[in-house]
Structures are given as C-alpha cells and as structure tokens.
file work_18.cif (mmCIF, C-alpha atoms)
data_coords
loop_
_atom_site.label_atom_id
_atom_site.label_comp_id
_atom_site.auth_asym_id
_atom_site.auth_seq_id
_atom_site.Cartn_x
_atom_site.Cartn_y
_atom_site.Cartn_z
CA MET A 1 135.71 93.31 90.52
CA LYS A 2 132.52 91.30 90.55
CA ILE A 3 130.00 93.39 92.51
CA LEU A 4 126.45 92.57 93.60
CA VAL A 5 124.15 95.47 94.43
CA LEU A 6 120.99 94.76 96.41
CA GLY A 7 118.64 97.55 95.38
CA GLY A 8 120.32 100.44 93.62
CA THR A 9 117.75 101.27 90.96
CA ARG A 10 116.60 104.68 92.22
CA PHE A 11 117.81 107.89 93.87
CA PHE A 12 121.47 107.71 94.92
CA GLY A 13 121.70 104.07 93.85
CA ILE A 14 121.80 105.27 90.24
CA PRO A 15 124.99 107.38 90.48
CA MET A 16 126.49 104.60 92.60
CA VAL A 17 125.93 101.91 89.95
CA ASN A 18 127.00 104.26 87.15
CA GLU A 19 130.26 104.94 88.98
CA LEU A 20 130.89 101.23 89.55
CA LEU A 21 130.37 100.61 85.84
CA ALA A 22 132.63 103.54 84.93
CA GLN A 23 135.35 101.98 87.08
CA GLY A 24 135.08 98.81 84.99
CA HIS A 25 133.43 96.54 87.52
CA GLU A 26 131.09 93.69 86.59
CA VAL A 27 127.83 94.66 88.27
CA THR A 28 124.79 92.54 89.10
CA ILE A 29 121.71 94.18 90.62
CA ALA A 30 119.21 92.23 92.70
CA THR A 31 115.70 93.68 93.05
CA ARG A 32 112.06 92.62 93.03
CA GLY A 33 112.09 93.29 89.30
CA THR A 34 109.07 95.57 89.47
CA SER A 35 110.71 98.89 88.57
CA PRO A 36 112.67 99.88 85.45
CA ASP A 37 116.29 100.97 85.73
CA PRO A 38 118.50 103.03 83.40
CA PHE A 39 121.39 100.58 83.09
CA GLY A 40 120.32 98.60 80.02
CA ASP A 41 122.57 95.69 79.14
CA ARG A 42 125.47 97.08 81.19
CA VAL A 43 124.39 95.09 84.26
CA ARG A 44 123.20 91.62 85.07
CA ARG A 45 119.96 91.21 87.02
CA ILE A 46 118.62 88.92 89.72
CA VAL A 47 114.99 88.95 90.83
CA PHE A 48 114.30 88.12 94.47
CA GLN A 49 112.15 89.02 97.46
CA ARG A 50 114.44 90.78 99.93
CA THR A 51 112.39 89.91 103.02
CA ASP A 52 111.94 86.23 102.12
CA GLU A 53 114.78 84.11 103.48
CA ASN A 54 114.33 81.29 100.97
CA SER A 55 114.19 83.71 98.04
CA VAL A 56 117.37 85.43 99.21
CA ARG A 57 119.20 82.13 99.60
CA LYS A 58 118.18 80.84 96.19
CA ALA A 59 119.18 84.12 94.53
CA LEU A 60 122.60 84.39 96.16
CA GLU A 61 123.93 80.89 96.66
CA GLY A 62 126.41 79.37 94.26
CA THR A 63 128.12 82.58 93.10
CA HIS A 64 131.11 84.40 94.55
CA TYR A 65 131.19 88.20 94.61
CA ASP A 66 134.13 90.37 95.47
CA VAL A 67 131.83 93.00 96.97
CA VAL A 68 128.16 93.09 97.97
CA ILE A 69 126.58 96.52 98.43
CA ASP A 70 123.30 96.16 100.30
CA LYS A 71 121.17 99.30 100.04
CA ILE A 72 117.97 97.69 101.30
CA ALA A 73 118.83 95.96 104.58
CA TYR A 74 116.70 97.55 107.28
CA CYS A 75 116.52 95.06 110.14
CA SER A 76 118.54 92.30 111.74
CA ASN A 77 116.75 89.56 109.79
CA ASP A 78 117.59 91.33 106.53
CA ILE A 79 121.26 91.17 107.51
CA ARG A 80 121.07 87.52 108.55
CA TYR A 81 119.33 86.40 105.35
CA VAL A 82 122.14 87.82 103.21
CA MET A 83 125.15 87.12 105.40
CA ASP A 84 124.19 83.48 105.87
CA ALA A 85 123.68 82.96 102.14
CA VAL A 86 126.20 85.05 100.23
CA ASP A 87 129.80 84.22 99.39
CA CYS A 88 131.67 87.52 99.22
CA ASP A 89 134.96 89.15 100.22
CA ARG A 90 133.40 92.42 101.37
CA TYR A 91 129.89 93.42 102.45
CA ILE A 92 128.80 97.09 102.49
CA HIS A 93 125.66 97.82 104.48
CA MET A 94 123.66 101.02 103.90
CA SER A 95 123.06 102.06 107.48
CA SER A 96 121.95 105.49 108.76
CA THR A 97 122.87 108.19 111.25
CA SER A 98 119.48 107.36 112.78
CA VAL A 99 121.37 104.73 114.80
CA TYR A 100 122.74 107.52 117.00
CA ASP A 101 120.58 108.15 120.05
CA PRO A 102 120.63 111.04 119.83
CA LYS A 103 122.68 112.66 117.10
CA HIS A 104 124.55 115.73 118.31
CA MET A 105 127.11 118.22 117.08
CA ASN A 106 130.22 116.42 115.79
CA THR A 107 128.67 112.95 115.94
CA VAL A 108 131.37 110.29 115.52
CA GLU A 109 131.13 106.59 114.74
CA SER A 110 131.88 105.44 118.29
CA ASP A 111 128.80 107.28 119.59
CA PHE A 112 126.76 104.16 118.78
CA ASP A 113 127.83 100.94 120.52
CA ALA A 114 126.30 98.06 118.59
CA VAL A 115 128.38 95.48 120.44
CA SER A 116 126.87 96.06 123.89
CA LYS A 117 123.30 96.73 122.80
CA GLU A 118 120.93 93.74 123.00
CA LEU A 119 120.49 92.09 119.60
CA ILE A 120 116.90 91.24 118.69
CA TRP A 121 116.24 89.23 115.55
CA CYS A 122 113.38 91.17 113.99
CA ASP A 123 111.54 92.02 110.81
CA ARG A 124 111.05 95.53 109.45
CA ALA A 125 107.72 96.16 111.14
CA ALA A 126 108.93 95.26 114.62
CA PHE A 127 110.24 98.71 115.60
CA PRO A 128 110.41 102.29 114.34
CA TYR A 129 112.96 103.02 111.63
CA ASP A 130 115.77 104.15 113.94
CA GLU A 131 115.58 101.02 116.09
CA ILE A 132 115.42 98.53 113.23
CA LYS A 133 118.51 100.17 111.72
CA ARG A 134 120.27 99.79 115.09
CA GLN A 135 119.29 96.13 115.17
CA ALA A 136 120.67 95.64 111.66
CA GLU A 137 124.03 96.93 112.84
CA CYS A 138 123.84 94.88 116.04
CA ALA A 139 123.57 91.80 113.85
CA LEU A 140 126.75 92.73 111.98
CA TRP A 141 128.79 93.67 115.03
CA GLN A 142 127.71 90.75 117.23
CA LYS A 143 127.08 87.83 114.87
CA TYR A 144 129.48 88.50 112.00
CA PRO A 145 132.53 90.15 113.62
CA ASP A 146 134.94 88.07 111.54
CA ARG A 147 133.39 89.03 108.20
CA ASN A 148 134.79 91.92 106.16
CA TRP A 149 131.99 94.49 106.33
CA ILE A 150 131.34 98.23 106.39
CA ALA A 151 128.27 99.99 107.81
CA VAL A 152 127.84 103.36 106.06
CA ARG A 153 125.92 105.96 108.06
CA TYR A 154 124.32 108.86 106.16
CA PRO A 155 122.04 111.63 107.41
CA PHE A 156 119.11 112.73 105.20
CA VAL A 157 120.04 112.41 101.53
CA LEU A 158 119.01 115.35 99.32
CA GLY A 159 118.66 115.66 95.57
CA GLU A 160 116.38 116.84 92.80
CA ASP A 161 114.87 113.37 92.47
CA ASP A 162 114.34 112.87 96.21
CA TYR A 163 111.21 110.72 96.31
CA THR A 164 110.56 111.58 99.99
CA GLY A 165 109.71 115.20 99.14
CA ARG A 166 110.91 116.44 102.53
CA VAL A 167 112.61 119.67 101.45
CA LEU A 168 109.90 120.19 98.84
CA PHE A 169 107.39 120.16 101.71
CA TYR A 170 108.96 123.26 103.25
CA VAL A 171 109.29 125.09 99.94
CA GLU A 172 105.75 124.35 98.80
CA HIS A 173 104.14 125.18 102.14
CA ALA A 174 106.04 128.46 102.35
CA MET A 175 105.23 129.51 98.79
CA LYS A 176 101.55 128.60 99.07
CA GLY A 177 101.04 129.98 102.57
CA ILE A 178 100.07 126.60 103.97
CA PRO A 179 100.60 126.57 107.77
CA MET A 180 103.33 124.27 109.09
CA TYR A 181 104.08 122.97 112.56
CA ILE A 182 107.87 122.93 113.03
CA ASP A 183 109.28 122.06 116.44
CA ASN A 184 112.97 122.58 115.62
CA VAL A 185 113.08 125.49 113.19
CA ASP A 186 116.48 126.73 114.42
CA ALA A 187 118.19 123.35 114.86
CA GLN A 188 121.34 123.07 112.75
CA MET A 189 121.28 119.79 110.79
CA GLY A 190 123.58 117.88 108.47
CA PHE A 191 122.74 116.41 105.05
CA ILE A 192 124.42 114.64 102.15
CA ARG A 193 123.91 115.22 98.43
CA ALA A 194 122.52 112.25 96.52
CA ASP A 195 125.27 111.95 93.93
CA GLU A 196 127.95 112.02 96.65
CA ALA A 197 126.07 109.40 98.65
CA GLY A 198 126.27 107.11 95.64
CA LEU A 199 129.85 107.96 94.76
CA PHE A 200 131.10 107.31 98.28
CA LEU A 201 129.53 103.84 98.33
CA ALA A 202 131.21 103.06 95.01
CA HIS A 203 134.49 104.43 96.40
CA LEU A 204 134.29 102.11 99.42
CA ALA A 205 134.13 99.04 97.18
CA GLY A 206 137.86 99.40 96.62
CA GLN A 207 138.89 100.34 100.17
CA ASP A 208 140.18 98.24 103.07
CA LEU A 209 138.05 100.07 105.64
CA THR A 210 135.95 97.96 108.00
CA GLY A 211 133.37 98.76 110.68
CA ALA A 212 131.21 101.88 110.79
CA VAL A 213 131.87 105.01 108.74
CA ASN A 214 129.94 108.29 108.50
CA GLY A 215 129.29 110.21 105.32
CA SER A 216 127.95 113.77 105.14
CA ALA A 217 128.42 117.12 103.46
CA HIS A 218 130.47 119.57 105.48
CA GLY A 219 128.52 122.10 107.50
CA THR A 220 124.92 122.39 108.65
CA ILE A 221 121.79 124.41 107.96
CA SER A 222 118.53 125.04 109.80
CA VAL A 223 114.99 124.91 108.48
CA ARG A 224 114.67 128.60 109.29
CA GLU A 225 117.61 129.40 107.02
CA MET A 226 115.98 127.42 104.21
CA LEU A 227 112.64 129.17 104.74
CA ASP A 228 114.33 132.58 104.87
CA TYR A 229 115.90 131.86 101.49
CA VAL A 230 112.58 130.80 99.97
CA GLU A 231 110.92 133.94 101.33
CA GLN A 232 113.65 136.19 99.93
CA LYS A 233 113.52 134.52 96.51
CA THR A 234 109.75 134.41 96.14
CA GLY A 235 108.29 137.13 98.35
CA ALA A 236 106.19 134.49 100.11
CA LYS A 237 105.84 134.24 103.87
CA ALA A 238 106.11 130.93 105.69
CA ILE A 239 103.31 130.43 108.22
CA LEU A 240 104.32 128.54 111.36
CA ARG A 241 101.48 127.46 113.65
CA PRO A 242 100.92 124.68 116.20
CA ASP A 243 97.93 123.46 114.19
CA GLY A 244 99.82 123.44 110.89
CA ASP A 245 100.89 120.42 108.86
CA GLU A 246 103.51 118.36 110.69
CA ALA A 247 106.92 119.08 109.17
CA PRO A 248 109.19 116.23 107.97
CA TYR A 249 112.23 117.02 110.11
CA ASN A 250 110.37 117.48 113.38
CA ASP A 251 112.01 115.86 116.41
CA GLU A 252 115.45 116.09 114.81
CA PRO A 253 118.00 117.56 117.24
CA ALA A 254 120.76 119.97 116.36
CA TYR A 255 123.58 117.82 114.97
CA SER A 256 126.51 117.54 112.63
CA ILE A 257 128.19 114.41 111.33
CA ASN A 258 131.94 113.92 111.65
CA THR A 259 133.48 112.49 108.46
CA ASP A 260 137.15 112.31 109.49
CA ARG A 261 137.23 108.52 109.20
CA ALA A 262 135.67 108.54 105.74
CA GLU A 263 138.12 111.11 104.47
CA THR A 264 141.12 109.04 105.53
CA THR A 265 140.25 106.96 102.44
CA GLY A 266 140.88 109.94 100.16
CA PHE A 267 137.24 110.80 99.53
CA ARG A 268 136.27 114.46 100.00
CA PHE A 269 132.71 115.53 100.71
CA SER A 270 131.28 118.81 99.48
CA VAL A 271 130.31 121.85 101.55
CA LEU A 272 126.56 121.85 102.19
CA LYS A 273 125.99 125.55 101.58
CA ASP A 274 127.78 125.36 98.23
CA TRP A 275 124.79 123.48 96.79
CA ILE A 276 121.77 123.56 99.09
CA TYR A 277 120.52 126.89 97.72
CA ASP A 278 120.66 125.59 94.15
CA LEU A 279 118.50 122.69 95.30
CA LEU A 280 116.04 125.12 96.89
CA ASP A 281 115.95 127.04 93.58
CA HIS A 282 115.06 123.79 91.84
CA TYR A 283 112.12 123.20 94.18
CA ILE A 284 110.99 126.83 93.91
CA GLU A 285 110.90 126.40 90.13
CA GLN A 286 109.06 123.11 90.48
CA VAL A 287 106.35 124.64 92.64
CA THR A 288 106.08 127.66 90.30
CA GLN A 289 105.60 125.42 87.27
CA ARG A 290 102.93 123.40 89.04
CA ASP A 291 100.92 126.54 89.59
#
call {"tool": "encode", "arguments": {"input": "work_18.cif", "output": "structure tokens"}}
result
Amino acid sequence: MKILVLGGTRFFGIPMVNELLAQGHEVTIATRGTSPDPFGDRVRRIVFQRTDENSVRKALEGTHYDVVIDKIAYCSNDIRYVMDAVDCDRYIHMSSTSVYDPKHMNTVESDFDAVSKELIWCDRAAFPYDEIKRQAECALWQKYPDRNWIAVRYPFVLGEDDYTGRVLFYVEHAMKGIPMYIDNVDAQMGFIRADEAGLFLAHLAGQDLTGAVNGSAHGTISVREMLDYVEQKTGAKAILRPDGDEAPYNDEPAYSINTDRAETTGFRFSVLKDWIYDLLDHYIEQVTQRD
C-alpha cells in the first residue's frame, strides 16, 4: 500500500514506520524537515508546516494514498486541514485516552461521545491538551462521518527513549532524595509500551476497523508500586511532601483501558508488569551513570 505518515520520526513513530516498511508498504513521511530520522532512502519525504493550512494543502494535494497515519493532529483545525486536502482511502488519527472525562476502571470507547459534544474549530493553543484532543475527534465524528477513519486512543506511552521523562522523574527524585508532591500515589493507572504503540498503528493500516479504538498494555500499576521497586533496588527512600516538586502524573484518576475492540483485529497487547520493571531498571541505571 501507499502510506503517508504525518510525523513519525521519533519515539513510537520509529517502530511504526519500520514495521510498515517491513510489511512492504511504500511509505512517505511528512514533517517540518528539521529533525533527522533513521529511515535513509527507504522512505520518501515531504516538508510542510502542520499548522499552516496552505502548507498542508500544497503538500498533500494531487497524490492518492491508500492510508494516512496522522500522529501530529492535536486540534480540530489540524483535522480539517488534512481531511479537506488529502485524497486517501483510510485516515488513522493518533488520539488519546485524555478524551475521556474522566478515565475510570475499564474505560471503553463509548465513554466519550464526540457526536453530541459541541464542535469548536480551534488551534492548538485554544484549550488544554485534553480538550483540544476532544475537539479533534469531534471534527472527525461530526464533519467527516462518511470518511473511512480510525481514532486510536492510547494512555501514557512508555519506553527507554521517552522524551517526556515522566517515569524518569520518579526514579531520579527517589534515588536522589529530592522531595516530590504526588496527589495520587496509590491510583492504579494504565500504560502502553512504545514499540507496541507503533506496531498497533501499523497493524491498523491493513484493518477494516472504523471509529474509535483503545490501545493499552494489560493491567495497571500505581506510582507507589514503582517507587517501592526503586527503593528496594537502590536502597533509596522516596520523599513525599506537599512542598515537593510537582509530579508528572498528578491529577490522574485510577483507571484502566479496555482493549477488547482492538483485539478483535487479532492484535494482542502485552502485560504491563511483564516489562515495566525492566524499564525502571533502565532508568535506575541511567541515573546511576549520571552520578
């Protein structure tokens, strides 16, 4: 298939593109052209400004793609710029479980109703992250109901090359005795591993699924469990105080993400606790080497 990837040059975009190439697809990546990527001459490249409507139109018009995978659509205008310009058979939008208000245990796709919610055409700075992602989906559900699209909802994506440094924050603060303020230390939360996040997107390129679909590792873990592991491995003691550094996952409720719909396609997600401790070991080693 002829596949266009908007973004895809870092984090879980890399295993996604590698998998698409391994499957024999003809892949074009569209980015600002400011960052290197590891794909060499195996992909074609388009340079555009994702938030500029004219730039998007000029970059996309005149070429048909079997599938478009859009990893960098955040708001309703981002959706409109692409959907009004591109000629494709299937559009895959990288959404987020942040659309759920709130997430809860066994969160399912129908827990967010993007059809009834008021659609606001907006740019990325108009609202906080969770609301602009909701508006992006509202655009798909309300303005493009007849197009063949998928909205993929992931929780926090974890991996050794996670540029957000969220889990590293907890490990480093615990090991160095830096006080943290954590308001949900016992809340069970769901995550997805970076390589699986990429592989599932590549898997969906060949599926007939439409509408919203969740992706997540099976099972949950709390911040306290992660800190307990770091303490046991290092002998350090995490310091939790109201005046400590604000922790990355604060305000997150206890939740898990139901993946039944995703797994009807034949994809199987991993079990969170089969790999999360190896990831913590990686960050422990990283902090140790820094010191």
call {"tool": "closest_residue", "arguments": {"input": "work_18.cif", "among": "A:Ile192, A:Arg32, A:Asn54, A:Ile150", "to": "Ala205 (chain A)", "atoms": "only C-alpha atoms"}}
result
A:Ile150
call {"tool": "residues_around", "arguments": {"input": "work_18.cif", "residues": "Gln135 (chain A)", "least_positions_apart": "4", "cutoff": "12 Å", "atoms": "all atoms listed in the file", "output": "PyMOL selection string"}}
result
chain A and resi 73-80+95-96+98-99+112-124+126-131+139-143
call {"tool": "write_last_selection", "arguments": {"input": "work_18.cif", "atoms": "C-alpha atoms", "output": "compact mmCIF listing (two decimals), keeping the file's coordinate frame"}}
result
# COMPACT_ATOMS: atom_id res chain seq x y z
CA ALA A 73 118.83 95.96 104.58
CA TYR A 74 116.70 97.55 107.28
CA CYS A 75 116.52 95.06 110.14
CA SER A 76 118.54 92.30 111.74
CA ASN A 77 116.75 89.56 109.79
CA ASP A 78 117.59 91.33 106.53
CA ILE A 79 121.26 91.17 107.51
CA ARG A 80 121.07 87.52 108.55
CA SER A 95 123.06 102.06 107.48
CA SER A 96 121.95 105.49 108.76
CA SER A 98 119.48 107.36 112.78
CA VAL A 99 121.37 104.73 114.80
CA PHE A 112 126.76 104.16 118.78
CA ASP A 113 127.83 100.94 120.52
CA ALA A 114 126.30 98.06 118.59
CA VAL A 115 128.38 95.48 120.44
CA SER A 116 126.87 96.06 123.89
CA LYS A 117 123.30 96.73 122.80
CA GLU A 118 120.93 93.74 123.00
CA LEU A 119 120.49 92.09 119.60
CA ILE A 120 116.90 91.24 118.69
CA TRP A 121 116.24 89.23 115.55
CA CYS A 122 113.38 91.17 113.99
CA ASP A 123 111.54 92.02 110.81
CA ARG A 124 111.05 95.53 109.45
CA ALA A 126 108.93 95.26 114.62
CA PHE A 127 110.24 98.71 115.60
CA PRO A 128 110.41 102.29 114.34
CA TYR A 129 112.96 103.02 111.63
CA ASP A 130 115.77 104.15 113.94
CA GLU A 131 115.58 101.02 116.09
CA ALA A 139 123.57 91.80 113.85
CA LEU A 140 126.75 92.73 111.98
CA TRP A 141 128.79 93.67 115.03
CA GLN A 142 127.71 90.75 117.23
CA LYS A 143 127.08 87.83 114.87
call {"tool": "atom_distance", "arguments": {"input": "work_18.cif", "atom1": "CA of Asp208 (chain A)", "atom2": "CA of Thr51 (chain A)"}}
result
29.0 Å
call {"tool": "residues_around", "arguments": {"input": "work_18.cif", "residues": "Arg153 (chain A)", "least_positions_apart": "3", "cutoff": "8 Å", "atoms": "only C-alpha atoms", "output": "PDB file with C-alpha atoms, in the frame of the given file"}}
result
ATOM      1  CA  MET A  94     123.660 101.020 103.900  1.00  0.00           C
ATOM      2  CA  SER A  95     123.060 102.060 107.480  1.00  0.00           C
ATOM      3  CA  SER A  96     121.950 105.490 108.760  1.00  0.00           C
ATOM      4  CA  THR A  97     122.870 108.190 111.250  1.00  0.00           C
ATOM      5  CA  ALA A 212     131.210 101.880 110.790  1.00  0.00           C
ATOM      6  CA  VAL A 213     131.870 105.010 108.740  1.00  0.00           C
ATOM      7  CA  ASN A 214     129.940 108.290 108.500  1.00  0.00           C
ATOM      8  CA  GLY A 215     129.290 110.210 105.320  1.00  0.00           C
TER       9      GLY A 215
END
call {"tool": "resolve_selection", "arguments": {"input": "work_18.cif", "expression": "the PyMOL selection byres ((chain A and resi 108) around 8)", "output": "list in words"}}
result
Asn106, Thr107, Glu109, Ser110, Asp111, Asn214, Ile257, Asn258 and Thr259 of chain A
call {"tool": "closest_residue", "arguments": {"input": "work_18.cif", "among": "A:Ile29, A:Val43, A:Leu279, A:Leu6", "to": "His93 (chain A)", "atoms": "all atoms listed in the file"}}
result
A:Leu6
call {"tool": "closest_residue", "arguments": {"input": "work_18.cif", "among": "A:Cys88, A:Glu26, A:Gln49, A:Pro155", "to": "Gly62 (chain A)", "atoms": "only C-alpha atoms"}}
result
A:Cys88
call {"tool": "residues_around", "arguments": {"input": "work_18.cif", "residues": "Asp89 (chain A)", "least_positions_apart": "6", "cutoff": "8 Å", "atoms": "all atoms listed in the file", "output": "ChimeraX atom specification"}}
result
/A:65-67,148
call {"tool": "write_last_selection", "arguments": {"input": "work_18.cif", "atoms": "C-alpha atoms", "output": "PDB file, in the coordinates of the input"}}
result
ATOM      1  CA  TYR A  65     131.190  88.200  94.610  1.00  0.00           C
ATOM      2  CA  ASP A  66     134.130  90.370  95.470  1.00  0.00           C
ATOM      3  CA  VAL A  67     131.830  93.000  96.970  1.00  0.00           C
ATOM      4  CA  ASN A 148     134.790  91.920 106.160  1.00  0.00           C
TER       5      ASN A 148
END
call {"tool": "closest_residue", "arguments": {"input": "work_18.cif", "among": "A:Asp243, A:Glu61, A:Asp281, A:Glu263", "to": "Ile178 (chain A)", "atoms": "all atoms listed in the file"}}
result
A:Asp243
call {"tool": "closest_residue", "arguments": {"input": "work_18.cif", "among": "A:Glu252, A:Glu160, A:Glu196, A:Asp146", "to": "Asp183 (chain A)", "atoms": "all atoms listed in the file"}}
result
A:Glu252
call {"tool": "atom_distance", "arguments": {"input": "work_18.cif", "atom1": "CA of His104 (chain A)", "atom2": "CA of His218 (chain A)"}}
result
14.6 Å
call {"tool": "resolve_selection", "arguments": {"input": "work_18.cif", "expression": "the PyMOL selection byres ((chain A and resi 186) around 9)", "output": "list in words"}}
result
Asp183, Asn184, Val185, Ala187, Gln188, Ile221, Ser222, Val223, Arg224, Glu225 and Ala254 of chain A
call {"tool": "write_last_selection", "arguments": {"input": "work_18.cif", "atoms": "C-alpha atoms", "output": "compact mmCIF listing (two decimals), in the coordinates of the input"}}
result
# COMPACT_ATOMS: atom_id res chain seq x y z
CA ASP A 183 109.28 122.06 116.44
CA ASN A 184 112.97 122.58 115.62
CA VAL A 185 113.08 125.49 113.19
CA ALA A 187 118.19 123.35 114.86
CA GLN A 188 121.34 123.07 112.75
CA ILE A 221 121.79 124.41 107.96
CA SER A 222 118.53 125.04 109.80
CA VAL A 223 114.99 124.91 108.48
CA ARG A 224 114.67 128.60 109.29
CA GLU A 225 117.61 129.40 107.02
CA ALA A 254 120.76 119.97 116.36
